[in-house]
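Step one of this worksheet: look at the structure below.
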Amino acid sequence: MKQMRVAPRHTLLTSALLLALAQPVYAQNTTPAPDTAAEPQRRTGAADEARTLDTVVVTGIKGSLTSSMNLKRDAQGVVDGIAAEDIGKFPDTNLAEALQRISGVSIDRSNGEGSRVTVRGVGPDFNLVLLNGRQMPTATGGRAFEFSDLAAESISAVEVYKTSRAATPTGGIGATINIKTARPLDNPGMHANAGIKGIWDGSDDDLPGGLRGSSVTPDASGIFSNTFGDGRFGVSLSANYQKRESGSASAFVASGNGWRPFIDTPLASGEGSGSALPLPGQPGSENITNRPGPNDVYSMPQSLGYSVNSVKRERINSQLTFQWAPTDDLTATLDYTYSQNKIEQMRNDMSVWLNFTPGVSSWTPGSGSSPLTYDERYAGNSDFANGTGKSAVKRENKSVGLNVEWNVTDKFSLNLDYHRSTADSLPDSPYGSSNTLASAGFFRAGNTIDFSRDFPVLTLHLPAGMNAIDPAQMLVTGSVFRNDRQRAEIEQFQASGEYQFQDYSKLNFGVATTDYENRSAFTNVQLDTWGGATSVNDYPDSVWQLQHMGDYFNGVSGSRDPRFTDSFFMFDFDTVRQLAEDAWVKSGKGVRDDYRASFDYSGAQVPGSAANRSVGDSQVREKSSSFYVQWSNTFDWKLPVNVAAGVRYERTKVKAQALQPAPAGIDWVSENEFIIRYSGSEFRKLDGDYKYWLPSLDVSVDLTENMKLRASYGESIGRPNWSSLNPALGVGGQARFDGGGGGAGNPALKPLESRNFDLSYEWYYGESSYLSVGYFRKNIDNFIADQVSRQTPYPDLHTPASGAYWNAAIGAGGCAATDRACIRNYILNTFNGQPGVVRTGTSANGSPTGTISGLPGDPVLTFNITEPVNNRADTLDGWEFNIQHVFGESGFGLAANYTIVNSGLTYDNGRLGTQFAMTGLSDSANVVAFYEKGPWQARAAYNWRDEFLTSLGDGKGANPIYVEAYGQLDMNVSYAVTENLVLSLEGINVTDETMRTRGRNKRQLYSYDQSGPRYMFGVRYKF
C-alpha cells in the first residue's frame, strides 16, 4: 500500500525531501538529516510546514528499501542504512540480523541469533555503536555492542557511516553505526500499536526432558506516541518483552587446552614443545601414517567432548521520551532507555581427556597438521568424564539523556547533548555466574577418534568383561564455581553548532568530553579433585540417567555411525551438587563454600577449605576530550560538486589498576596436572596517554541527475579492547610439567590508526532501483596483536617438576625422565610425610594418590605469557557491489550485494610464534527477494559469510581458530486482514544449517554446533 503526493522537484529541496525519507517512513519531517551522527532529529519549524506537501510516503518493504536508498544517495560520504517500514515494525526482529543485509556488514551469532557486527572485515570491537548519536557502554568484556540486548520494535532507523568524518565520534575503524529511535514531535498526533508473537524454537524439541522448555514462548511489544498543546509537547513510550527457550548440540575440542602444538625442531625462543610423536626409526613410528616432517607444526588433541545445551532468555526493553518545543526555534528532548536481558544456560556433556601418546595415528599433510585418526590405549583405566554446567547472568543497561537544540538565527544553530549511561553484567544464580560440576567413571581403557569428517566420531574402549558404562562406578570429581561482574559507565557531553554563509557554504563545529569507566571483577572457587572428590557410594545409581548423545544431532552425518560410542550419563546439576557438598563436608575435607562461588572479593581464604580460590578486580578509565571543525559547500564546475573538509582532535588519558590473585605454590595432583595454588591478592597499576589529529575530506560529483561519483579520505582510530588494557597478570589454575600459560594487559597501548580511502559510483535508475560499485582501502598502523614470551613472573613459585624429589626418582627409582607416572608413584611411596609430599590413598588401578608440592630450591615455574603489543602496519582493501531492483508494478523486487575483502593481515597456519593477523576478515553476500501487493507481503533473505579468523590463540596463544563459511535462509510472510490488523509468520534458519570452527586445517576441529530453525507467528494491531 502506498500514498502518493507529488509536487515539482526543485534542486535545493531534493536533498531535504529524500533525507526525510531516511527517517521513519511514517514521519513527514522534511528537515535535512543532521551532519553528525551525534545530532538529534530536528523538529520542523513553521516556515518548513509547507514542505510536507512535497513528500512521497511509501510504506511496506518497498518503502523501507526506498528510504534506505535515499539515505545512501543524499548522504555525505559512504552511508548505508535500514529504515522502519512503519512505526513499531522494523524489517528484522534482530538488529544485527537486519544489519547483515547491508553490503560489507557481517555478523557473529550466539545461540542461533545475531549478536555482534563486523564491517568491511573490521571486527566488532573496532566498530563504534551509537544510540541517537550517543556512545553506549558495553558490559560484555569488550567494546563490541551486543545487539541481542536491544529489541527492534522501537527502532526507526539504523545508519552505517562507512567513511570517517570530522563530525563523527572516534572509535570506529570499520564503521560508526547510529541506532535511531522514534521522537514524538517528528510524528504529530496520536499513534499506537501493539503486537504479540509466539516463538517456536525447533532446536528445543530435541532436548531431553530435564532441559526442554516450553513449546511456544511469548514476544509482546507496544508503542505509543502523542503530541499536545498545538504540537508543543510530545511523549512516546515503547516496551518489549521476549522470552526465548532454545537448545543446541555441540561436538568440541575445548579451546584453551584442547589442542597443543608441537614441532620436532623447537624454536630458539622456546616456543613449541619438541617431539611428541616417535621420530622415524624409533619404536612406535611404524604406527604413524603420513607423519609430519621435522620442521612441520603439528597439533595433538588433549580432549574431545560432546554436549547438549539449553538456553533460556528473558528480555525486557523500554524507552520513554518527552519533548518540549516552547518556540519554533527551540526543542528540548529528555529520554530514558532501559534494557534487561537474563540468560540462563544449562549443559550436559561427555568427554575424554588424552595424554598426547597415540599408539596408532594418521595425519593431514604439510605444516599445521593434525590427526585424521587418533588411538590411545592405557595400561590402567582412565576416566570417562560426564559433566554438567549451569550459568546465569543478567545484563542491564540504563541511559538518560537531555538534548537541547536552538536555532539562534536563520543561519546559526546550536545543539547541546548530555547523557549518562551504565551497563552491568551480574551473576543471576546463588552458585555464581558460570559453574561446572564434573563426574567420571574410571573405566576407560582407551579410545579411538576419527577426525576425518566434519563431525568427529569417538569410540570408547572398556576393560575386559565390561560391555557398557556403569552408573555404580560414577562419582563427582572436580568443580569450578565462578562469579563474573562487569560494569561500564559513560558520562558524555557534546556541543555542536552550524553556521551557514551567504554563499550557501556552511561551517560545522563541536566539542565533546567523554568519561568512560570499565570495571571487571571475578571470584573463582575451584576443587581440583579430578581423581574423585569423595566416593561412588555417595551417589545413588538413580541420579545417573543413561542417554545417547547421537540422539541430539538431528540428521548430522556421523552422529549415527555404529563406531560412535554415544552413551553417557546425564544428571541434574542441583541434585548432584547437593549430594557432593554433603559428602564433602561429611568427609571433613572442606567446607560448604567449596561448592559455590563466593560474592566476597576480598580474597580471604575460607577456614577449613580445600578449594583453590582466586579473586580479581580491574578498573580501566578513559577520559577523552575532542573538538572538530568541518566546512562544506556545493560548487557548479560544469557539474555539481559537493565538498566537505574537516579535522578532528582527540586526546585520551588511560588509568588502569587491578587487584589480582597471588600465586603461592605449585601442587602436582595427578600425572598430567600441576595446580597453581593461590593465597591472597596483589595489586598492579599502570596508565597510558595518546592524542591524534584526524583530517577528513569528502567529494561527490553529480554526473547526471541520477548518477553520482564519490571520493573520500579520512583518518580514524580504534581504541584497544578493555581486556588488552587490563593491567592484571593472570596465569590460571593449571600448569604442566614443562610450564604454564598466562596473559597480561597493557594500558599503554596506542589505538589502531587507520587512513581510509573510498571511491564509489552510484546509479539511481528507477523509483526504488539502483546499483553501485565501491572500492575501499584502509592503511592500518599500530596494529594490536598478542605476543608470546617465556617469562618467570613469580620468582618464588617453585615447581616439583625436575626438582629434588623428581631427580631422586630418576636416579634411585630407575624411572625414565619422560615417565611421569613412574616418577610420581616413586615420590609418593618413598617420601610420604616429607616436606611437600602428602599421600592420600590408592586409586582404582593401584597407583598412589596425593599431592607433591614445589619447595625452595626446586626450579621456578616458567610461563608462556601472552601480551598485546603495538606492532606492524598493513593494509585492508576490498570491493562492494550493490543492486536493488523493483520489477515495475508486479509487486516483486530484488536486492543483492557482495563484498570482497583482502588484507596482508592473515595468519600463517604452518608456523609457531608471534603473528599479526586481523580477525573477522571475510567476503560476504546477501540476496533478498520480496513480493508486496495488496494485503500480502513476503520476503526471503539469504545471507552468506566466507570463512574468517575469529581468534589468534585458543587460550594459550597456541592455535588460531577459524569460523567456517556459513549461509542462512530467513523468510517471512504477512497478511493485512484490515488496514490496522496484520498477521505474520517468520522463519529463521529454515534449512537448519550448522556452524563449525576449526584450527590450522579443516580437520582440526574446535566446535561443531547445531542450533536448529526458529519460527515466529504473530499479530499486530495499529490503533
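Simple scheme: letters A, B, ... for chains in C-alpha cells order, numbers from 1 for residues in each chain, numbers from 1 for ligands in the order shown.
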Residue set, region 148-240 of chain A restricted to strand (DSSP E or B), as an mmCIF file with C-alpha atoms, in the first residue's frame:
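Printed below is states.cif as written:
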```cif
data_model
loop_
_atom_site.group_PDB
_atom_site.id
_atom_site.type_symbol
_atom_site.label_atom_id
_atom_site.label_comp_id
_atom_site.auth_asym_id
_atom_site.auth_seq_id
_atom_site.Cartn_x
_atom_site.Cartn_y
_atom_site.Cartn_z
ATOM 1 C CA ALA A 151 14.589 -5.100 20.763
ATOM 2 C CA ILE A 155 13.914 1.452 16.324
ATOM 3 C CA SER A 156 13.088 3.826 13.488
ATOM 4 C CA ALA A 157 16.340 3.580 11.530
ATOM 5 C CA VAL A 158 19.941 2.380 11.653
ATOM 6 C CA GLU A 159 22.645 4.354 9.833
ATOM 7 C CA VAL A 160 26.029 2.860 8.967
ATOM 8 C CA TYR A 161 28.696 5.521 8.339
ATOM 9 C CA THR A 176 30.143 4.120 13.024
ATOM 10 C CA ILE A 177 26.634 2.698 13.486
ATOM 11 C CA ASN A 178 23.923 5.037 14.740
ATOM 12 C CA ILE A 179 20.698 3.474 16.064
ATOM 13 C CA LYS A 180 17.811 5.944 15.959
ATOM 14 C CA THR A 181 14.588 5.773 17.949
ATOM 15 C CA HIS A 191 -0.081 6.801 17.209
ATOM 16 C CA ALA A 192 -0.145 3.420 18.879
ATOM 17 C CA ASN A 193 0.188 -0.207 18.032
ATOM 18 C CA ALA A 194 0.685 -3.474 19.840
ATOM 19 C CA GLY A 195 1.799 -6.889 18.744
ATOM 20 C CA ILE A 196 2.292 -10.343 20.124
ATOM 21 C CA LYS A 197 4.195 -13.299 18.699
ATOM 22 C CA GLY A 198 4.602 -16.901 19.616
ATOM 23 C CA ILE A 199 8.163 -18.210 19.232
ATOM 24 C CA TRP A 200 8.709 -21.864 18.458
ATOM 25 C CA ASP A 201 12.338 -22.943 18.553
ATOM 26 C CA THR A 217 7.261 -18.630 24.203
ATOM 27 C CA PRO A 218 5.879 -15.061 24.003
ATOM 28 C CA ASP A 219 7.173 -11.905 22.369
ATOM 29 C CA ALA A 220 4.985 -8.881 23.144
ATOM 30 C CA SER A 221 5.608 -5.274 22.174
ATOM 31 C CA GLY A 222 3.813 -1.962 22.058
ATOM 32 C CA ILE A 223 4.496 1.643 21.210
ATOM 33 C CA PHE A 224 2.528 4.806 22.000
ATOM 34 C CA SER A 225 3.219 8.344 20.805
ATOM 35 C CA ASN A 226 1.174 11.534 21.161
ATOM 36 C CA THR A 227 1.567 15.299 20.926
ATOM 37 C CA PHE A 228 -0.261 18.016 22.878
ATOM 38 C CA PHE A 233 4.604 18.843 23.831
ATOM 39 C CA GLY A 234 5.198 15.232 22.927
ATOM 40 C CA VAL A 235 5.547 11.920 24.727
ATOM 41 C CA SER A 236 6.303 8.442 23.482
ATOM 42 C CA LEU A 237 6.620 5.101 25.243
ATOM 43 C CA SER A 238 7.721 1.790 23.814
ATOM 44 C CA ALA A 239 8.163 -1.561 25.511
ATOM 45 C CA ASN A 240 9.031 -5.106 24.577
#
```
Taking 3 positions as the minimum chain separation for residues in the same chain, which residues sit within 10 Å of Thr997 (chain A) when counting only C-alpha atoms? Answer as a CSV table (one decimal) with C-alpha atoms, in the first residue's frame.
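After the write, selection07.csv holds the following:
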```csv
chain,number,residue,atom,x,y,z
A,252,PHE,CA,34.1,-29.8,20.6
A,454,ASP,CA,33.2,-32.6,9.8
A,947,GLU,CA,35.5,-18.4,6.4
A,948,PHE,CA,37.1,-16.0,8.8
A,949,LEU,CA,39.7,-15.9,11.6
A,950,THR,CA,37.9,-15.4,14.9
A,961,ILE,CA,40.5,-20.5,15.5
A,962,TYR,CA,38.5,-20.0,12.2
A,963,VAL,CA,34.8,-19.9,11.7
A,964,GLU,CA,34.0,-21.9,8.5
A,965,ALA,CA,31.8,-20.5,5.7
A,1002,LYS,CA,39.9,-28.2,8.3
A,1003,ARG,CA,40.3,-31.4,10.3
A,1004,GLN,CA,41.5,-29.7,13.4
A,1005,LEU,CA,38.0,-29.3,14.9
A,1006,TYR,CA,37.2,-26.8,17.6
A,1007,SER,CA,33.4,-26.9,17.6
A,1008,TYR,CA,30.5,-28.3,15.6
A,1009,ASP,CA,27.2,-26.7,16.5
```
Pick from A:Glu673, A:Glu113, A:Glu581, A:Asp594 nearest to Arg482 (chain A), counting only C-alpha atoms: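 Selected residue with least distance to Arg482 (chain A): A:Asp594.
The interatomic distance for the pair CA of Thr799 (chain A) and CA of Gln302 (chain A) works out to 22.0 Å.
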Nearest-residue call for Arg577 (chain A), choices A:Gly401, A:Gly305, A:Gly478, A:Gly732, using only C-alpha atoms: A:Gly478
Best match for closeness to Arg839 (chain A) among A:Glu245, A:Ser382, A:Gly77, A:Ser853, counting only C-alpha atoms: A:Ser853
All helix (DSSP H, G or I) positions in region 560-666 of chain A, as a list in words: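 So the helix (DSSP H, G or I) residues in region 560-666 of chain A would be Phe573, Asp574, Thr575, Val576, Arg577, Gln578, Leu579, Ala580, Glu581, Asp582, Ala583, Trp584, Val585, Lys586, Arg592, Asp593, Asp594 and Tyr595 of chain A.
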Nearby residues (only C-alpha atoms) at most 10 Å from Leu426 (chain A), same-chain spacing under 5 positions excluded, as a PyMOL selection string: chain A and resi 139+342+392-396+432-433+483-487
Could you give me, as an mmCIF file with N, CA and C atoms, in the first residue's frame, the residues within 7 Å of Val901 (chain A), counting only C-alpha atoms and dropping anything in the same chain fewer than 6 positions from it?
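Once everything was written out, this is out.cif:
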```cif
data_model
loop_
_atom_site.group_PDB
_atom_site.id
_atom_site.type_symbol
_atom_site.label_atom_id
_atom_site.label_comp_id
_atom_site.auth_asym_id
_atom_site.auth_seq_id
_atom_site.Cartn_x
_atom_site.Cartn_y
_atom_site.Cartn_z
ATOM 1 N N ARG A 120 33.258 -4.428 6.817
ATOM 2 C CA ARG A 120 34.391 -4.379 5.886
ATOM 3 C C ARG A 120 35.607 -5.105 6.442
ATOM 4 N N GLY A 121 35.367 -6.235 7.089
ATOM 5 C CA GLY A 121 36.451 -7.050 7.615
ATOM 6 C C GLY A 121 36.997 -6.597 8.944
ATOM 7 N N ASP A 877 41.828 -3.888 1.972
ATOM 8 C CA ASP A 877 41.059 -3.254 0.910
ATOM 9 C C ASP A 877 39.990 -4.212 0.386
ATOM 10 N N GLY A 878 39.089 -3.662 -0.409
ATOM 11 C CA GLY A 878 38.024 -4.516 -0.915
ATOM 12 C C GLY A 878 37.068 -3.768 -1.822
ATOM 13 N N TRP A 879 36.064 -4.515 -2.282
ATOM 14 C CA TRP A 879 35.048 -4.005 -3.196
ATOM 15 C C TRP A 879 33.659 -4.312 -2.645
ATOM 16 N N LEU A 921 38.115 -10.937 8.992
ATOM 17 C CA LEU A 921 38.245 -10.715 7.550
ATOM 18 C C LEU A 921 37.533 -11.807 6.769
ATOM 19 N N SER A 922 36.584 -11.425 5.931
ATOM 20 C CA SER A 922 35.887 -12.420 5.108
ATOM 21 C C SER A 922 35.068 -11.730 4.038
ATOM 22 N N ASP A 923 34.829 -12.430 2.943
ATOM 23 C CA ASP A 923 33.854 -11.990 1.953
ATOM 24 C C ASP A 923 32.455 -12.278 2.480
#
```
Non-local contacts of Thr170 (chain A) (10 Å; only C-alpha atoms; under 2 positions in same chain excluded) as a PyMOL selection string: chain A and resi 127-128+135+164-168+172-173+175-176+626+648-650+694+715-719
Can those selected residues be exported to a file as a short mmCIF file (atom, residue, chain, number, x, y, z; two decimals), in the first residue's frame so that it contains N, CA and C atoms?
```cif
data_model
loop_
_atom_site.label_atom_id
_atom_site.label_comp_id
_atom_site.auth_asym_id
_atom_site.auth_seq_id
_atom_site.Cartn_x
_atom_site.Cartn_y
_atom_site.Cartn_z
N ASN A 127 34.17 -1.29 15.76
CA ASN A 127 33.04 -0.58 15.16
C ASN A 127 32.30 0.13 16.28
N LEU A 128 32.14 1.42 16.14
CA LEU A 128 31.51 2.23 17.19
C LEU A 128 30.00 2.23 17.00
N GLN A 135 27.40 7.55 22.52
CA GLN A 135 28.18 6.33 22.69
C GLN A 135 27.62 5.54 23.87
N SER A 164 34.91 8.01 7.41
CA SER A 164 35.10 8.83 8.61
C SER A 164 34.96 10.31 8.26
N ARG A 165 34.38 11.05 9.19
CA ARG A 165 34.22 12.50 9.04
C ARG A 165 34.65 13.16 10.33
N ALA A 166 35.04 14.40 10.25
CA ALA A 166 35.47 15.13 11.44
C ALA A 166 34.35 15.19 12.47
N ALA A 167 33.11 15.27 12.01
CA ALA A 167 31.98 15.41 12.92
C ALA A 167 31.58 14.10 13.59
N THR A 168 32.13 12.97 13.12
CA THR A 168 31.73 11.68 13.65
C THR A 168 32.60 11.31 14.84
N GLY A 172 35.43 4.03 15.57
CA GLY A 172 35.02 3.07 14.56
C GLY A 172 35.99 3.03 13.40
N ILE A 173 36.80 1.99 13.33
CA ILE A 173 37.69 1.81 12.17
C ILE A 173 36.88 1.28 10.99
N ALA A 175 33.29 1.09 10.87
CA ALA A 175 32.13 1.96 10.65
C ALA A 175 31.67 2.52 11.98
N THR A 176 30.89 3.59 11.88
CA THR A 176 30.14 4.12 13.02
C THR A 176 28.67 3.84 12.75
N SER A 626 37.66 16.25 22.90
CA SER A 626 37.81 16.41 21.45
C SER A 626 37.16 17.69 20.99
N ARG A 648 39.53 16.69 13.11
CA ARG A 648 39.10 16.40 14.48
C ARG A 648 40.35 16.17 15.34
N TYR A 649 40.32 16.71 16.55
CA TYR A 649 41.40 16.50 17.52
C TYR A 649 40.87 15.65 18.65
N GLU A 650 41.65 14.63 19.02
CA GLU A 650 41.22 13.69 20.06
C GLU A 650 42.37 13.48 21.04
N LEU A 694 42.90 14.19 13.24
CA LEU A 694 42.27 13.28 12.28
C LEU A 694 41.56 14.11 11.18
N GLU A 715 40.84 9.89 8.40
CA GLU A 715 41.65 9.15 9.36
C GLU A 715 40.81 8.88 10.60
N SER A 716 40.93 7.68 11.13
CA SER A 716 40.14 7.29 12.29
C SER A 716 40.99 6.44 13.21
N ILE A 717 40.55 6.31 14.45
CA ILE A 717 41.25 5.47 15.41
C ILE A 717 40.28 4.45 16.00
N GLY A 718 40.83 3.30 16.36
CA GLY A 718 40.07 2.26 17.04
C GLY A 718 40.73 1.94 18.36
N ARG A 719 40.05 2.19 19.44
CA ARG A 719 40.66 2.08 20.76
C ARG A 719 40.89 0.61 21.13
#
```
